[in-house]
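Taking it in order: structure first as structure tokens, then the write-up.
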Amino acid sequence: MKKMLLILALAMFSFANAQKGTILVGGNIGFTSEKNDNQGEERKSNSFGFSPKVGYQFHDNWTAGVEFALSSSKSTFSLNSIGESESKFNAFKVGAFVRYSVPLSETFSVFADLGAGFQNQKNKDYINGSLTSESKADGLYAGITPALFINMKKGFGLNFSIGGLGYETLSFDTSDTDVSKFYFNFGKTVNIGVSKNF
């Protein structure tokens with residue numbers, strides 16, 4: 001089995017050391033591609049995610065703003081004797097966030113983002129090009145993510161986060177199923193990015 005994982009970019013722009021009255025603009029972007037070939041059986045998957053933020057720092061330690069997240073993935077499975085099956089998934093989130101930041105020194109700061117809002121997702125499954133199932137879901141989300149900021153030079157720096165905790169709900173239109181999930185993923189996810197204070 002052969003795997004290829006490609007991360008194009010993870011960029012988080014924050015203003016952990018910014019002054020009152022500044023504007024926060026930033027976000028994350030990432031791409032993953034994987035392909036497996038095994039004796040007439042082929043699996044492919046691609047996923048993309050983009051999460052921008054815009055906020056206003058109304059206090060030396062506090063920033064408030066809006067956030068948006070868009071993600072998309074496509075998976076295909078091909079078997080010579082059966083044909084091809086395909087699954088497409090699209091999701092978005094839109095909401096508000098509040099950031100509290102504390103400078104530890106000239107070089108280091110810590111901050112935490114608390115975000116909440118609305119989410120939507122759609123999933124479609126195909127077999128040999130024909131749509132076989134489709135589902136849609138709407139819900140709410142809330143989460144908190146702590147992070148470390150390292151100031152490299154003149155406001156340029158690196159951000160490190162290793163997960164967070166959150167809660168989300170989804171209500172599917174194809175059934176009466178309601179899903180609620182609480183997650184705690186410290187140490188399971190890692191985001192590394194760059195930032196600039198304006």
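Residue numbering restarts at 1 for every chain of the structure tokens, chains are lettered A, B, ... in their displayed order, and ligands are numbered from 1 as they appear.
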
If we count only C-alpha atoms and set the cut-off at 12 Å, which residues sit around range 131-139 of chain A, ignoring sequence neighbours fewer than 5 positions away in its own chain? Please answer as a VMD selection string.
chain A and resid 85 to 95 116 to 126 167 to 181

Report as a PyMOL selection string all protein, DNA and RNA residues lying within 9 Å of Asp113 in chain A, evaluated on only C-alpha atoms, omitting residues in the same chain fewer than 2 positions from it.
chain A and resi 97-101+111+115+143-147

Output N, CA, C and O atoms for every residue in the selection just made, as a JSON list (two decimals), in the first residue's frame.
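What landed in out-v2.json:
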[["chain", "number", "residue", "atom", "x", "y", "z"],
["A", 97, "PHE", "N", -16.02, 34.61, 17.27],
["A", 97, "PHE", "CA", -15.00, 34.14, 18.20],
["A", 97, "PHE", "C", -14.54, 35.29, 19.09],
["A", 97, "PHE", "O", -14.67, 36.47, 18.76],
["A", 98, "VAL", "N", -14.01, 34.90, 20.24],
["A", 98, "VAL", "CA", -13.37, 35.82, 21.17],
["A", 98, "VAL", "C", -12.01, 35.24, 21.50],
["A", 98, "VAL", "O", -11.88, 34.04, 21.76],
["A", 99, "ARG", "N", -10.98, 36.10, 21.47],
["A", 99, "ARG", "CA", -9.62, 35.67, 21.78],
["A", 99, "ARG", "C", -9.10, 36.42, 22.99],
["A", 99, "ARG", "O", -9.24, 37.64, 23.08],
["A", 100, "TYR", "N", -8.49, 35.69, 23.92],
["A", 100, "TYR", "CA", -7.81, 36.30, 25.05],
["A", 100, "TYR", "C", -6.33, 35.95, 24.96],
["A", 100, "TYR", "O", -5.97, 34.78, 24.86],
["A", 101, "SER", "N", -5.48, 36.95, 24.95],
["A", 101, "SER", "CA", -4.04, 36.71, 24.81],
["A", 101, "SER", "C", -3.29, 37.31, 25.98],
["A", 101, "SER", "O", -3.67, 38.35, 26.52],
["A", 111, "PHE", "N", -2.40, 32.39, 23.87],
["A", 111, "PHE", "CA", -3.75, 32.88, 23.63],
["A", 111, "PHE", "C", -4.71, 31.71, 23.51],
["A", 111, "PHE", "O", -4.30, 30.56, 23.27],
["A", 115, "GLY", "N", -14.80, 29.94, 20.06],
["A", 115, "GLY", "CA", -15.64, 30.18, 18.90],
["A", 115, "GLY", "C", -16.94, 29.41, 18.98],
["A", 115, "GLY", "O", -17.01, 28.33, 19.57],
["A", 143, "GLY", "N", -16.26, 25.72, 20.55],
["A", 143, "GLY", "CA", -14.98, 25.11, 20.87],
["A", 143, "GLY", "C", -13.99, 26.13, 21.40],
["A", 143, "GLY", "O", -14.13, 27.33, 21.18],
["A", 144, "ILE", "N", -13.00, 25.64, 22.11],
["A", 144, "ILE", "CA", -11.93, 26.48, 22.62],
["A", 144, "ILE", "C", -10.59, 25.86, 22.24],
["A", 144, "ILE", "O", -10.41, 24.64, 22.35],
["A", 145, "THR", "N", -9.69, 26.70, 21.73],
["A", 145, "THR", "CA", -8.38, 26.24, 21.27],
["A", 145, "THR", "C", -7.28, 27.12, 21.86],
["A", 145, "THR", "O", -7.18, 28.29, 21.51],
["A", 146, "PRO", "N", -6.46, 26.57, 22.75],
["A", 146, "PRO", "CA", -5.31, 27.33, 23.25],
["A", 146, "PRO", "C", -4.13, 27.21, 22.29],
["A", 146, "PRO", "O", -4.01, 26.24, 21.55],
["A", 147, "ALA", "N", -3.24, 28.22, 22.30],
["A", 147, "ALA", "CA", -2.10, 28.22, 21.38],
["A", 147, "ALA", "C", -0.95, 29.03, 21.95],
["A", 147, "ALA", "O", -1.13, 29.84, 22.87]]

DSSP on the backbone: which residues in range 48-175 of chain A end up as strand (DSSP E or B)? Give the answer as a compact mmCIF listing (two decimals) with N, CA and C atoms, in the first residue's frame.
# COMPACT_ATOMS: atom_id res chain seq x y z
N PHE A 48 -9.66 19.22 1.25
CA PHE A 48 -9.21 20.60 1.28
C PHE A 48 -9.95 21.32 2.39
N GLY A 49 -9.26 22.21 3.10
CA GLY A 49 -9.89 22.99 4.15
C GLY A 49 -9.34 24.42 4.19
N PHE A 50 -10.22 25.37 4.49
CA PHE A 50 -9.84 26.78 4.57
C PHE A 50 -10.65 27.42 5.68
N SER A 51 -9.98 28.11 6.62
CA SER A 51 -10.65 28.69 7.79
C SER A 51 -10.16 30.11 8.06
N PRO A 52 -10.76 31.12 7.45
CA PRO A 52 -10.33 32.50 7.71
C PRO A 52 -11.02 33.10 8.94
N LYS A 53 -10.38 34.16 9.49
CA LYS A 53 -10.92 34.91 10.62
C LYS A 53 -10.66 36.39 10.41
N VAL A 54 -11.59 37.22 10.89
CA VAL A 54 -11.40 38.67 10.91
C VAL A 54 -11.91 39.17 12.25
N GLY A 55 -11.08 39.96 12.94
CA GLY A 55 -11.48 40.46 14.24
C GLY A 55 -10.93 41.83 14.55
N TYR A 56 -11.42 42.41 15.63
CA TYR A 56 -10.98 43.72 16.09
C TYR A 56 -10.49 43.60 17.53
N GLN A 57 -9.30 44.10 17.81
CA GLN A 57 -8.75 44.04 19.17
C GLN A 57 -9.21 45.29 19.92
N TRP A 62 -7.92 41.44 24.56
CA TRP A 62 -9.15 40.86 24.01
C TRP A 62 -9.36 41.24 22.55
N THR A 63 -9.76 40.24 21.75
CA THR A 63 -10.12 40.44 20.35
C THR A 63 -11.44 39.71 20.10
N ALA A 64 -12.32 40.33 19.31
CA ALA A 64 -13.59 39.70 18.94
C ALA A 64 -13.78 39.82 17.44
N GLY A 65 -14.41 38.82 16.84
CA GLY A 65 -14.60 38.87 15.40
C GLY A 65 -15.45 37.74 14.88
N VAL A 66 -15.37 37.52 13.57
CA VAL A 66 -16.14 36.47 12.89
C VAL A 66 -15.17 35.44 12.32
N GLU A 67 -15.64 34.20 12.22
CA GLU A 67 -14.84 33.12 11.66
C GLU A 67 -15.68 32.32 10.68
N PHE A 68 -14.99 31.68 9.75
CA PHE A 68 -15.65 30.90 8.70
C PHE A 68 -14.76 29.70 8.40
N ALA A 69 -15.35 28.56 8.14
CA ALA A 69 -14.58 27.37 7.78
C ALA A 69 -15.26 26.66 6.62
N LEU A 70 -14.47 26.26 5.66
CA LEU A 70 -14.96 25.54 4.49
C LEU A 70 -14.10 24.30 4.30
N SER A 71 -14.74 23.15 4.14
CA SER A 71 -13.98 21.92 3.90
C SER A 71 -14.69 21.09 2.84
N SER A 72 -13.88 20.34 2.07
CA SER A 72 -14.40 19.53 0.99
C SER A 72 -13.53 18.30 0.83
N SER A 73 -14.14 17.15 0.57
CA SER A 73 -13.37 15.94 0.34
C SER A 73 -14.06 15.07 -0.72
N LYS A 74 -13.25 14.29 -1.41
CA LYS A 74 -13.75 13.38 -2.44
C LYS A 74 -12.98 12.08 -2.33
N SER A 75 -13.69 10.96 -2.27
CA SER A 75 -13.07 9.64 -2.18
C SER A 75 -13.63 8.75 -3.27
N THR A 76 -12.76 8.01 -3.95
CA THR A 76 -13.20 7.06 -4.98
C THR A 76 -12.61 5.69 -4.69
N PHE A 77 -13.39 4.67 -5.03
CA PHE A 77 -12.96 3.28 -4.88
C PHE A 77 -13.27 2.57 -6.18
N SER A 78 -12.25 2.01 -6.81
CA SER A 78 -12.42 1.31 -8.09
C SER A 78 -12.02 -0.15 -7.94
N LEU A 79 -12.91 -1.05 -8.39
CA LEU A 79 -12.64 -2.48 -8.39
C LEU A 79 -13.02 -3.01 -9.77
N GLY A 83 -16.77 -1.88 -10.64
CA GLY A 83 -16.85 -0.53 -11.20
C GLY A 83 -16.30 0.47 -10.20
N GLU A 84 -16.86 1.67 -10.22
CA GLU A 84 -16.34 2.73 -9.36
C GLU A 84 -17.42 3.31 -8.46
N SER A 85 -17.07 3.47 -7.20
CA SER A 85 -17.95 4.17 -6.26
C SER A 85 -17.25 5.46 -5.84
N GLU A 86 -18.04 6.49 -5.58
CA GLU A 86 -17.49 7.80 -5.26
C GLU A 86 -18.30 8.44 -4.14
N SER A 87 -17.62 9.13 -3.25
CA SER A 87 -18.27 9.83 -2.16
C SER A 87 -17.75 11.27 -2.11
N LYS A 88 -18.67 12.24 -2.04
CA LYS A 88 -18.31 13.65 -1.96
C LYS A 88 -18.88 14.25 -0.68
N PHE A 89 -18.04 15.01 0.02
CA PHE A 89 -18.45 15.62 1.28
C PHE A 89 -18.07 17.10 1.27
N ASN A 90 -19.03 17.96 1.62
CA ASN A 90 -18.79 19.40 1.71
C ASN A 90 -19.36 19.91 3.03
N ALA A 91 -18.65 20.82 3.68
CA ALA A 91 -19.11 21.36 4.94
C ALA A 91 -18.65 22.80 5.10
N PHE A 92 -19.44 23.57 5.85
CA PHE A 92 -19.00 24.92 6.19
C PHE A 92 -19.48 25.28 7.59
N LYS A 93 -18.77 26.21 8.19
CA LYS A 93 -19.12 26.75 9.49
C LYS A 93 -19.01 28.27 9.42
N VAL A 94 -19.89 28.97 10.10
CA VAL A 94 -19.81 30.42 10.21
C VAL A 94 -20.23 30.80 11.63
N GLY A 95 -19.43 31.68 12.25
CA GLY A 95 -19.74 32.04 13.62
C GLY A 95 -18.90 33.20 14.11
N ALA A 96 -18.85 33.36 15.41
CA ALA A 96 -18.10 34.44 16.05
C ALA A 96 -17.06 33.83 16.98
N PHE A 97 -16.02 34.61 17.27
CA PHE A 97 -15.00 34.14 18.20
C PHE A 97 -14.54 35.29 19.09
N VAL A 98 -14.01 34.90 20.24
CA VAL A 98 -13.37 35.82 21.17
C VAL A 98 -12.01 35.24 21.50
N ARG A 99 -10.98 36.10 21.47
CA ARG A 99 -9.62 35.67 21.78
C ARG A 99 -9.10 36.42 22.99
N TYR A 100 -8.49 35.69 23.92
CA TYR A 100 -7.81 36.30 25.05
C TYR A 100 -6.33 35.95 24.96
N SER A 101 -5.48 36.95 24.95
CA SER A 101 -4.04 36.71 24.81
C SER A 101 -3.29 37.31 25.98
N VAL A 102 -2.20 36.64 26.37
CA VAL A 102 -1.35 37.08 27.48
C VAL A 102 0.10 37.01 27.05
N PRO A 103 0.79 38.16 26.96
CA PRO A 103 2.23 38.12 26.66
C PRO A 103 3.01 37.61 27.87
N PHE A 108 7.49 35.37 23.77
CA PHE A 108 6.42 34.38 23.89
C PHE A 108 5.11 35.00 24.37
N SER A 109 4.02 34.50 23.81
CA SER A 109 2.67 34.82 24.26
C SER A 109 1.82 33.56 24.17
N VAL A 110 0.78 33.52 24.99
CA VAL A 110 -0.20 32.44 24.89
C VAL A 110 -1.56 33.09 24.61
N PHE A 111 -2.40 32.39 23.87
CA PHE A 111 -3.75 32.88 23.63
C PHE A 111 -4.71 31.71 23.51
N ALA A 112 -5.98 32.01 23.69
CA ALA A 112 -7.03 31.00 23.54
C ALA A 112 -8.17 31.61 22.75
N ASP A 113 -8.67 30.86 21.77
CA ASP A 113 -9.82 31.28 20.97
C ASP A 113 -11.05 30.49 21.40
N LEU A 114 -12.13 31.20 21.69
CA LEU A 114 -13.42 30.58 21.97
C LEU A 114 -14.34 30.94 20.81
N GLY A 115 -14.80 29.94 20.06
CA GLY A 115 -15.64 30.18 18.90
C GLY A 115 -16.94 29.41 18.98
N ALA A 116 -18.00 29.96 18.38
CA ALA A 116 -19.30 29.30 18.35
C ALA A 116 -20.07 29.79 17.13
N GLY A 117 -20.94 28.92 16.60
CA GLY A 117 -21.72 29.33 15.45
C GLY A 117 -22.52 28.20 14.83
N PHE A 118 -22.86 28.37 13.55
CA PHE A 118 -23.70 27.46 12.77
C PHE A 118 -22.84 26.61 11.86
N GLN A 119 -23.25 25.36 11.63
CA GLN A 119 -22.53 24.50 10.69
C GLN A 119 -23.51 23.73 9.80
N ASN A 120 -23.03 23.38 8.62
CA ASN A 120 -23.83 22.65 7.64
C ASN A 120 -22.93 21.66 6.91
N GLN A 121 -23.44 20.49 6.59
CA GLN A 121 -22.66 19.53 5.81
C GLN A 121 -23.56 18.76 4.85
N LYS A 122 -22.96 18.37 3.72
CA LYS A 122 -23.68 17.61 2.69
C LYS A 122 -22.81 16.45 2.25
N ASN A 123 -23.43 15.31 2.01
CA ASN A 123 -22.71 14.13 1.57
C ASN A 123 -23.48 13.47 0.42
N LYS A 124 -22.76 13.09 -0.65
CA LYS A 124 -23.37 12.40 -1.79
C LYS A 124 -22.55 11.18 -2.13
N ASP A 125 -23.22 10.06 -2.41
CA ASP A 125 -22.58 8.81 -2.80
C ASP A 125 -23.04 8.40 -4.20
N TYR A 126 -22.08 7.95 -5.00
CA TYR A 126 -22.35 7.54 -6.38
C TYR A 126 -21.79 6.15 -6.62
N ILE A 127 -22.45 5.39 -7.50
CA ILE A 127 -21.92 4.12 -8.00
C ILE A 127 -21.99 4.17 -9.51
N SER A 130 -23.92 7.12 -10.98
CA SER A 130 -25.32 7.34 -10.60
C SER A 130 -25.43 7.64 -9.11
N LEU A 131 -26.19 8.68 -8.77
CA LEU A 131 -26.37 9.06 -7.38
C LEU A 131 -27.18 7.99 -6.64
N THR A 132 -26.62 7.47 -5.54
CA THR A 132 -27.30 6.42 -4.79
C THR A 132 -27.82 6.92 -3.44
N SER A 133 -27.18 7.91 -2.85
CA SER A 133 -27.68 8.45 -1.58
C SER A 133 -27.19 9.88 -1.41
N GLU A 134 -27.96 10.65 -0.65
CA GLU A 134 -27.63 12.04 -0.39
C GLU A 134 -28.14 12.42 0.99
N SER A 135 -27.33 13.12 1.75
CA SER A 135 -27.76 13.55 3.08
C SER A 135 -27.27 14.97 3.35
N LYS A 136 -28.07 15.69 4.14
CA LYS A 136 -27.73 17.05 4.55
C LYS A 136 -27.96 17.16 6.05
N ALA A 137 -27.16 18.00 6.68
CA ALA A 137 -27.31 18.19 8.12
C ALA A 137 -26.97 19.62 8.50
N ASP A 138 -27.69 20.16 9.48
CA ASP A 138 -27.43 21.48 10.05
C ASP A 138 -27.25 21.33 11.55
N GLY A 139 -26.50 22.26 12.13
CA GLY A 139 -26.31 22.20 13.57
C GLY A 139 -25.52 23.38 14.09
N LEU A 140 -25.07 23.25 15.32
CA LEU A 140 -24.31 24.28 16.01
C LEU A 140 -22.97 23.72 16.47
N TYR A 141 -22.01 24.61 16.71
CA TYR A 141 -20.73 24.18 17.23
C TYR A 141 -20.21 25.21 18.23
N ALA A 142 -19.34 24.75 19.11
CA ALA A 142 -18.63 25.63 20.05
C ALA A 142 -17.33 24.94 20.41
N GLY A 143 -16.26 25.72 20.55
CA GLY A 143 -14.98 25.11 20.87
C GLY A 143 -13.99 26.13 21.40
N ILE A 144 -13.00 25.64 22.11
CA ILE A 144 -11.93 26.48 22.62
C ILE A 144 -10.59 25.86 22.24
N THR A 145 -9.69 26.70 21.73
CA THR A 145 -8.38 26.24 21.27
C THR A 145 -7.28 27.12 21.86
N PRO A 146 -6.46 26.57 22.75
CA PRO A 146 -5.31 27.33 23.25
C PRO A 146 -4.13 27.21 22.29
N ALA A 147 -3.24 28.22 22.30
CA ALA A 147 -2.10 28.22 21.38
C ALA A 147 -0.95 29.03 21.95
N LEU A 148 0.23 28.80 21.41
CA LEU A 148 1.45 29.51 21.79
C LEU A 148 1.92 30.33 20.59
N PHE A 149 2.30 31.59 20.85
CA PHE A 149 2.83 32.46 19.81
C PHE A 149 4.29 32.76 20.13
N ILE A 150 5.16 32.61 19.13
CA ILE A 150 6.58 32.94 19.27
C ILE A 150 6.90 34.09 18.33
N ASN A 151 7.26 35.23 18.89
CA ASN A 151 7.59 36.41 18.11
C ASN A 151 9.01 36.28 17.58
N MET A 152 9.17 36.20 16.25
CA MET A 152 10.48 36.03 15.65
C MET A 152 11.18 37.38 15.41
N LYS A 153 10.47 38.32 14.77
CA LYS A 153 11.07 39.62 14.49
C LYS A 153 10.00 40.57 13.97
N PHE A 156 6.47 39.39 13.19
CA PHE A 156 6.36 38.10 12.50
C PHE A 156 6.63 36.99 13.51
N GLY A 157 5.85 35.93 13.46
CA GLY A 157 6.06 34.86 14.42
C GLY A 157 5.42 33.56 14.00
N LEU A 158 5.53 32.58 14.89
CA LEU A 158 4.98 31.25 14.69
C LEU A 158 3.92 30.97 15.74
N ASN A 159 2.88 30.26 15.33
CA ASN A 159 1.81 29.83 16.23
C ASN A 159 1.82 28.32 16.34
N PHE A 160 1.63 27.81 17.54
CA PHE A 160 1.57 26.36 17.76
C PHE A 160 0.32 26.04 18.57
N SER A 161 -0.49 25.11 18.07
CA SER A 161 -1.61 24.59 18.85
C SER A 161 -1.65 23.07 18.70
N LEU A 165 -10.89 21.59 22.88
CA LEU A 165 -12.10 20.88 23.25
C LEU A 165 -13.29 21.60 22.66
N GLY A 166 -14.36 20.83 22.42
CA GLY A 166 -15.51 21.43 21.78
C GLY A 166 -16.75 20.56 21.85
N TYR A 167 -17.84 21.12 21.36
CA TYR A 167 -19.14 20.45 21.34
C TYR A 167 -19.84 20.84 20.05
N GLU A 168 -20.50 19.87 19.42
CA GLU A 168 -21.25 20.18 18.20
C GLU A 168 -22.50 19.32 18.09
N THR A 169 -23.49 19.84 17.37
CA THR A 169 -24.73 19.11 17.12
C THR A 169 -25.01 19.10 15.62
N LEU A 170 -25.66 18.05 15.14
CA LEU A 170 -26.07 17.94 13.74
C LEU A 170 -27.44 17.27 13.68
N SER A 171 -28.32 17.82 12.87
CA SER A 171 -29.63 17.25 12.64
C SER A 171 -29.75 16.93 11.16
N PHE A 172 -29.95 15.64 10.82
CA PHE A 172 -29.97 15.18 9.44
C PHE A 172 -31.38 15.26 8.86
